[in-house]
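Report on the following structure.
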Amino acid sequence: MTSLTSRTTWQALENHFGDLKNVHLRDLFANDPSRGTRLTLEAVGLYLDYSKNRVKDETIQLLLELAKDAGVSAKINAMFSGEKINITENRAVLHSALRAPRGSSIVVDGVNVVPEVHAVLDKMAAFADQIRSGAWLGFTGKRIKTIVNIGIGGSDLGPVMAYKALGFYSQRNLECRFVSNVDGTDFVEATRDLNPEETLFIVCSKTFTTLETMTNANSARAWCLKSLNDDAAVARHFVAVSTNALEVAKFGIDTNNMFGFWDWVGGRYSMDSAVGLSLMIAIGQDNFRQMLEGFHDMDTHFQTAPLEQNMPVLMALLGLWYNNFFDAQSLAVLPYDHYLTYFSAYLQQLDMESNGKHITLEGQTVDYQTGPVIWGQPGTNGQHAFYQLIHQGTKLIPCDFIGFMQSLNPLEPHHDILMANVFAQTQALAFGKTAEEVARDGIKPELIPHRAFDGNRPSNTLLAEKLTPHCLGALIALYEHKVFVQGAIWDINSFDQWGVELGKVLAQKIEPELSSETEPKLEHDSSTNALITKYRNSRK
Ligand code: G6Q
């Protein structure tokens with residue numbers, strides 16, 4: 001296969017970049033009065049304004065040519081039809097099946113997986129109903145008040161993000177907490193004010209072998225049994241979300257209270273599987289199912305819309321334009337909704353674990369940039385922290401702004417102020433403020449360079465009516481598919497995570513070396529030996 005950078009479609013973009021790199025958004029807007037309405041797209045209740053990007057119509061055409069040349073449409077079909085596109089693990093990639101409507105059919109290894117998906121959803125729903133209604137009682141006959149999800153990475157970030165994002169819809173006499181870090185502080189602080197009789201632990205681990213999760217799960221069992229004093233209590237206070245029934249049973253959890261999923265769901269793509277059990281308990285099955293519909297509607301859009309009107313495709317191409325031609329290193333995701341506090345952190349894993357790769361599907365080292373660094377915080381807090389660098393620093397940082405027409409908590413005049421900030425920020429980034437404009441404000445000449453803004457800093461604006469479960473599902477699926485398209489063009493496997501697997505084994509060699517002062521003899525590099533020795537000495 002011709003390498004990406006030697007394709008004519010790539011080279012056409014390189015040439016075009018030479019023409020476009022010094023063109024200012026001010027001029028693009030001045031020369032095209034309809035730009036702000038023309039370069040927009042609506043899908044699944046999301047309105048994307050991509051006019052404040054450093055692109056001309058020709059840029060979009062050339063990017064679309066690249067996508068076609070890279071076989072994006074065929075790759076989309078391959079994913080949705082259950083081909084084993086995760087080639088390093090020989091697995092299908094079918095998070096889309098998690099939200100496929102009842103009655104549809106997606107076949108993996110000769111089996112239609114949709115009925116299994118719905119069987120698990122129904123089991124989750126029945127369990128969630130029991131917890132929410134108080135029908136499920138703890139070992140001593142008390143109602144469950146707190147649900148503690150123990151998991152890490154994909155088994156934590158999705159549920160924690162979505163629990164916060166859909167907090168408005170949650171049943172307020174139940175609280176979910178999330179323990180992920182192997183640092184004992186996480187567990188101790190999460191449980192310090194809890195009564196074991198009223199606490200349910202969800203041990204959430206695809207493999208049920210992850211060191212952090214199993215360490216926390218064992219501490220949770222000890223914490224529970226210290227008060228309840230009977231092994232039989234485990235079955236009333238622990239349930240599992242996993243693909244590994246054997247390990248779940250060994251832990252003492254009744255496998256009737258295990259909620260399964262499948263190896264064709266990657267951890268970071270699993271929040272709409274049983275991994276979302278804590279969320280379903282919090283918001284109820286109806287809201288959870290509406291979220292799934294949002295995911296599914298975006299799946300359908302992604303699968304069926306022509307590339308030029310396909311929102312995930314367009315966002316992927318715009319991101320690639322900055323990443324590969326402008327050499328931008330990162331993307332800031334800036335949701336202007338307090339409920340989306342963890343959205344950027346969630347996308348960080350989704351994108352960076354998926355596309356943080358440098359080997360192509362054919363096993364070659366890439367000679368181009370792949371996945372960007374994803375970061376961000378909800379507005380307006382970030383404005384008082386890091387936006388300075390985005391406005392006047394030396395780095396080009398494309399931004400995704402996300403806002404909602406209606407607040408879920410309409411407290412006058414907050415929402416207008418919030419949204420005014422979205423519009424003002426994207427405007428200031430794009431158009432800046434020239435020295436002449438600063439001078440007109442009566443600023444002293446020596447201060448003018450400090451107070452002028454170059455502008456020409458690109459952003460997308462995504463608007464939706466209201467942060468509903470359906471909208472959250474659509475938004476997450478939008479980014480899932482955006483990441484897919486970029487990985488498809490970069491010709492990498494977005495669905496393995498060997499870097500994470502490495503982390504899972506590395507510490508296991510060192511941990512036993514910490515418990516003795518002298519044994520075993522240390523055989524690492526001199527820095528690691530010295531650090532371990534210092535730690536050993538402090539334990540004396
Ligand atoms: C996600 C990764 C990783 C994984 C965690 C937890 O795609 O694979 O973040 O989710 O390491 O793994 P377990 O669910 O197996 O505990």
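Labeling convention for the structure tokens: chains A, B, ... as they appear, residues from 1 per chain, ligands from 1 in order of appearance.
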Original post:
Hey, what's within 12 Å of Asp186 of chain A if we count only C-alpha atoms and toss same-chain stuff fewer than 3 positions away? As JSON, numbers by chain, please?
Top reply: {"A": [148, 149, 150, 151, 152, 177, 178, 179, 180, 181, 182, 183, 189, 190, 191, 192, 212, 213, 215, 216, 219, 220]}
Output file for the selection above: N, CA, C and O atoms, as a compact mmCIF listing (two decimals), in the first residue's frame:
```
# COMPACT_ATOMS: atom_id res chain seq x y z
N VAL A 148 -20.81 2.22 45.05
CA VAL A 148 -19.40 2.55 44.80
C VAL A 148 -18.93 1.70 43.62
O VAL A 148 -18.88 0.48 43.70
N ASN A 149 -18.61 2.37 42.51
CA ASN A 149 -18.08 1.67 41.35
C ASN A 149 -16.57 1.57 41.51
O ASN A 149 -15.87 2.58 41.66
N ILE A 150 -16.06 0.34 41.50
CA ILE A 150 -14.61 0.15 41.56
C ILE A 150 -14.15 -0.30 40.18
O ILE A 150 -14.55 -1.36 39.70
N GLY A 151 -13.33 0.50 39.55
CA GLY A 151 -12.83 0.18 38.22
C GLY A 151 -11.80 1.21 37.85
O GLY A 151 -11.60 2.20 38.57
N ILE A 152 -11.14 1.03 36.73
CA ILE A 152 -10.14 2.02 36.32
C ILE A 152 -10.13 2.12 34.79
O ILE A 152 -10.58 1.19 34.10
N ARG A 177 -20.41 6.76 43.88
CA ARG A 177 -19.03 7.20 44.04
C ARG A 177 -18.15 6.29 43.20
O ARG A 177 -18.54 5.16 42.87
N PHE A 178 -16.96 6.75 42.90
CA PHE A 178 -16.09 6.01 41.97
C PHE A 178 -14.70 5.91 42.56
O PHE A 178 -14.09 6.92 42.89
N VAL A 179 -14.24 4.68 42.71
CA VAL A 179 -12.89 4.46 43.23
C VAL A 179 -12.08 3.82 42.10
O VAL A 179 -12.47 2.79 41.55
N SER A 180 -10.97 4.45 41.77
CA SER A 180 -10.16 3.92 40.67
C SER A 180 -8.69 3.77 41.04
O SER A 180 -8.06 2.76 40.73
N ASN A 181 -8.16 4.76 41.73
CA ASN A 181 -6.72 4.81 41.96
C ASN A 181 -6.30 3.75 42.97
O ASN A 181 -7.00 3.50 43.97
N VAL A 182 -5.15 3.13 42.74
CA VAL A 182 -4.67 2.13 43.70
C VAL A 182 -4.12 2.81 44.96
O VAL A 182 -3.90 2.15 45.99
N ASP A 183 -3.94 4.10 44.90
CA ASP A 183 -3.59 4.87 46.10
C ASP A 183 -4.72 4.67 47.12
O ASP A 183 -5.87 5.02 46.84
N GLU A 189 -11.07 7.67 51.37
CA GLU A 189 -11.88 8.90 51.32
C GLU A 189 -13.28 8.61 50.77
O GLU A 189 -14.25 9.22 51.21
N ALA A 190 -13.37 7.68 49.82
CA ALA A 190 -14.69 7.40 49.21
C ALA A 190 -15.62 6.69 50.20
O ALA A 190 -16.84 6.76 50.06
N THR A 191 -15.06 6.00 51.18
CA THR A 191 -15.92 5.19 52.05
C THR A 191 -15.97 5.69 53.50
O THR A 191 -16.71 5.13 54.31
N ARG A 192 -15.21 6.76 53.80
CA ARG A 192 -15.04 7.12 55.23
C ARG A 192 -16.37 7.43 55.93
O ARG A 192 -16.52 7.16 57.12
N GLU A 212 -5.10 -2.64 40.10
CA GLU A 212 -5.69 -1.54 40.88
C GLU A 212 -7.11 -1.93 41.33
O GLU A 212 -7.48 -1.77 42.49
N THR A 213 -7.88 -2.44 40.39
CA THR A 213 -9.28 -2.74 40.68
C THR A 213 -9.38 -3.89 41.68
O THR A 213 -10.19 -3.83 42.63
N THR A 215 -7.16 -4.81 43.85
CA THR A 215 -6.68 -4.35 45.17
C THR A 215 -7.79 -3.58 45.87
O THR A 215 -8.08 -3.81 47.07
N ASN A 216 -8.43 -2.67 45.15
CA ASN A 216 -9.53 -1.91 45.76
C ASN A 216 -10.71 -2.81 46.11
O ASN A 216 -11.35 -2.63 47.15
N SER A 219 -9.96 -4.63 49.27
CA SER A 219 -10.09 -3.72 50.43
C SER A 219 -11.56 -3.47 50.74
O SER A 219 -11.96 -3.37 51.91
N ALA A 220 -12.36 -3.38 49.68
CA ALA A 220 -13.80 -3.14 49.89
C ALA A 220 -14.43 -4.33 50.61
O ALA A 220 -15.25 -4.16 51.52
```
Original post:
Can I get the residues close to ligand 1 as number ranges by chain, where close means within 6 Å and we count only C-alpha atoms and all ligand atoms?
Top reply: A: 152-155, 205-208, 210, 266-268
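Nearest residue to Gln486 of chain A, choosing from A:Met124, A:Val72, A:Ala235, A:Leu277 and counting only C-alpha atoms: A:Val72.
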**OP:** Pick out each residue of segment 122-211 of chain A that DSSP on the backbone tags as alpha helix (DSSP H); I need them as an MDAnalysis selection string.
**Re:** chainID A and resid 122:133 157:165 184:191 211
Subject >> Test item: residues at most 8 Å from Thr146 of chain A, only C-alpha atoms, excluding those fewer than 6 positions along its chain, as a count of residues only >> reply: 8
**OP:** Compile the contact shell of Asp263 of chain A as a ChimeraX atom specification: residues with an atom at most 12 Å away, counting only C-alpha atoms, same-chain residues fewer than 5 positions apart removed.
**Re:** /A:84,86,89-95,108,113,206-207,242-244,269-270,273,495-496
Would you save the residues from that selection as a CSV table (one decimal), in the first residue's frame, using N, CA, C and O atoms?
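Generated file (out-v4.csv):
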```csv
chain,number,residue,atom,x,y,z
A,84,LYS,N,-13.0,-8.3,11.8
A,84,LYS,CA,-12.1,-8.2,12.9
A,84,LYS,C,-11.0,-7.2,12.6
A,84,LYS,O,-9.9,-7.5,12.3
A,86,ASN,N,-9.7,-5.0,14.6
A,86,ASN,CA,-8.6,-4.9,15.7
A,86,ASN,C,-7.7,-6.1,15.4
A,86,ASN,O,-7.8,-7.2,16.0
A,89,GLU,N,-5.4,-8.0,18.1
A,89,GLU,CA,-6.0,-8.8,19.1
A,89,GLU,C,-7.0,-9.7,18.4
A,89,GLU,O,-7.8,-10.5,19.1
A,90,ASN,N,-7.1,-9.7,17.1
A,90,ASN,CA,-8.0,-10.5,16.3
A,90,ASN,C,-9.4,-10.4,16.8
A,90,ASN,O,-10.1,-11.4,17.1
A,91,ARG,N,-9.9,-9.1,17.0
A,91,ARG,CA,-11.2,-8.9,17.5
A,91,ARG,C,-12.0,-8.0,16.6
A,91,ARG,O,-11.5,-7.1,16.0
A,92,ALA,N,-13.3,-8.2,16.6
A,92,ALA,CA,-14.3,-7.3,16.0
A,92,ALA,C,-14.3,-6.0,16.9
A,92,ALA,O,-14.0,-6.1,18.1
A,93,VAL,N,-14.8,-4.9,16.3
A,93,VAL,CA,-15.0,-3.7,17.1
A,93,VAL,C,-16.4,-3.3,17.0
A,93,VAL,O,-16.8,-2.6,16.0
A,94,LEU,N,-17.2,-3.6,18.0
A,94,LEU,CA,-18.6,-3.5,17.8
A,94,LEU,C,-19.4,-2.7,18.9
A,94,LEU,O,-20.5,-3.1,19.3
A,95,HIS,N,-18.7,-1.6,19.4
A,95,HIS,CA,-19.5,-0.9,20.4
A,95,HIS,C,-20.8,-0.4,19.8
A,95,HIS,O,-21.7,-0.2,20.6
A,108,VAL,N,-21.5,-11.8,14.8
A,108,VAL,CA,-20.0,-12.0,15.1
A,108,VAL,C,-19.8,-13.5,15.2
A,108,VAL,O,-20.4,-14.2,16.0
A,113,VAL,N,-25.4,-11.0,17.9
A,113,VAL,CA,-25.1,-10.5,19.2
A,113,VAL,C,-26.2,-9.6,19.8
A,113,VAL,O,-26.2,-9.4,21.0
A,206,LYS,N,-13.4,-5.6,33.0
A,206,LYS,CA,-13.5,-6.5,31.9
A,206,LYS,C,-12.8,-7.8,32.1
A,206,LYS,O,-13.3,-8.9,32.0
A,207,THR,N,-11.5,-7.7,32.6
A,207,THR,CA,-10.7,-8.8,32.7
A,207,THR,C,-10.8,-9.4,34.1
A,207,THR,O,-10.5,-10.6,34.4
A,242,SER,N,-18.2,-7.8,34.2
A,242,SER,CA,-17.0,-8.4,33.7
A,242,SER,C,-17.3,-9.4,32.6
A,242,SER,O,-18.4,-9.7,32.3
A,243,THR,N,-16.2,-9.8,31.9
A,243,THR,CA,-16.3,-10.9,30.9
A,243,THR,C,-15.7,-12.2,31.5
A,243,THR,O,-15.7,-13.2,30.8
A,244,ASN,N,-15.3,-12.1,32.8
A,244,ASN,CA,-14.5,-13.2,33.3
A,244,ASN,C,-15.3,-13.9,34.5
A,244,ASN,O,-15.0,-13.6,35.7
A,269,TYR,N,-14.6,2.1,25.0
A,269,TYR,CA,-15.8,2.2,24.2
A,269,TYR,C,-17.0,1.5,25.0
A,269,TYR,O,-17.9,1.1,24.3
A,270,SER,N,-16.8,1.3,26.3
A,270,SER,CA,-17.7,0.4,27.0
A,270,SER,C,-18.7,1.0,27.9
A,270,SER,O,-19.5,0.3,28.5
A,273,SER,N,-22.2,-0.2,27.8
A,273,SER,CA,-22.5,-1.6,28.1
A,273,SER,C,-22.8,-1.7,29.6
A,273,SER,O,-23.2,-0.7,30.2
A,495,PHE,N,-7.8,0.4,18.2
A,495,PHE,CA,-8.5,-0.5,19.1
A,495,PHE,C,-7.7,-1.4,20.0
A,495,PHE,O,-8.2,-2.1,20.8
A,496,ASP,N,-6.4,-1.3,19.9
A,496,ASP,CA,-5.6,-2.0,20.9
A,496,ASP,C,-5.0,-1.0,21.9
A,496,ASP,O,-5.2,0.2,21.7
```
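Atom pair atom CA of Asn112 of chain A / atom CA of Gln285 of chain A has a distance of 23.4 Å (rounded to one decimal).
Here atom CA of Thr341 of chain A is placed at a distance of 11.0 Å from atom CA of Leu166 of chain A.
Atom CA of Ile402 of chain A sits 9.1 Å away from atom CA of Pro378 of chain A.
The residue that comes closest to Lys164 of chain A, out of A:Ala74, A:Leu20, A:Val117, A:Ala282 and on the basis of only C-alpha atoms, is A:Ala282.
Closest approach to Asn456 of chain A among A:Leu514, A:Ala428, A:Val114, A:Val500: A:Ala428, based on only C-alpha atoms.
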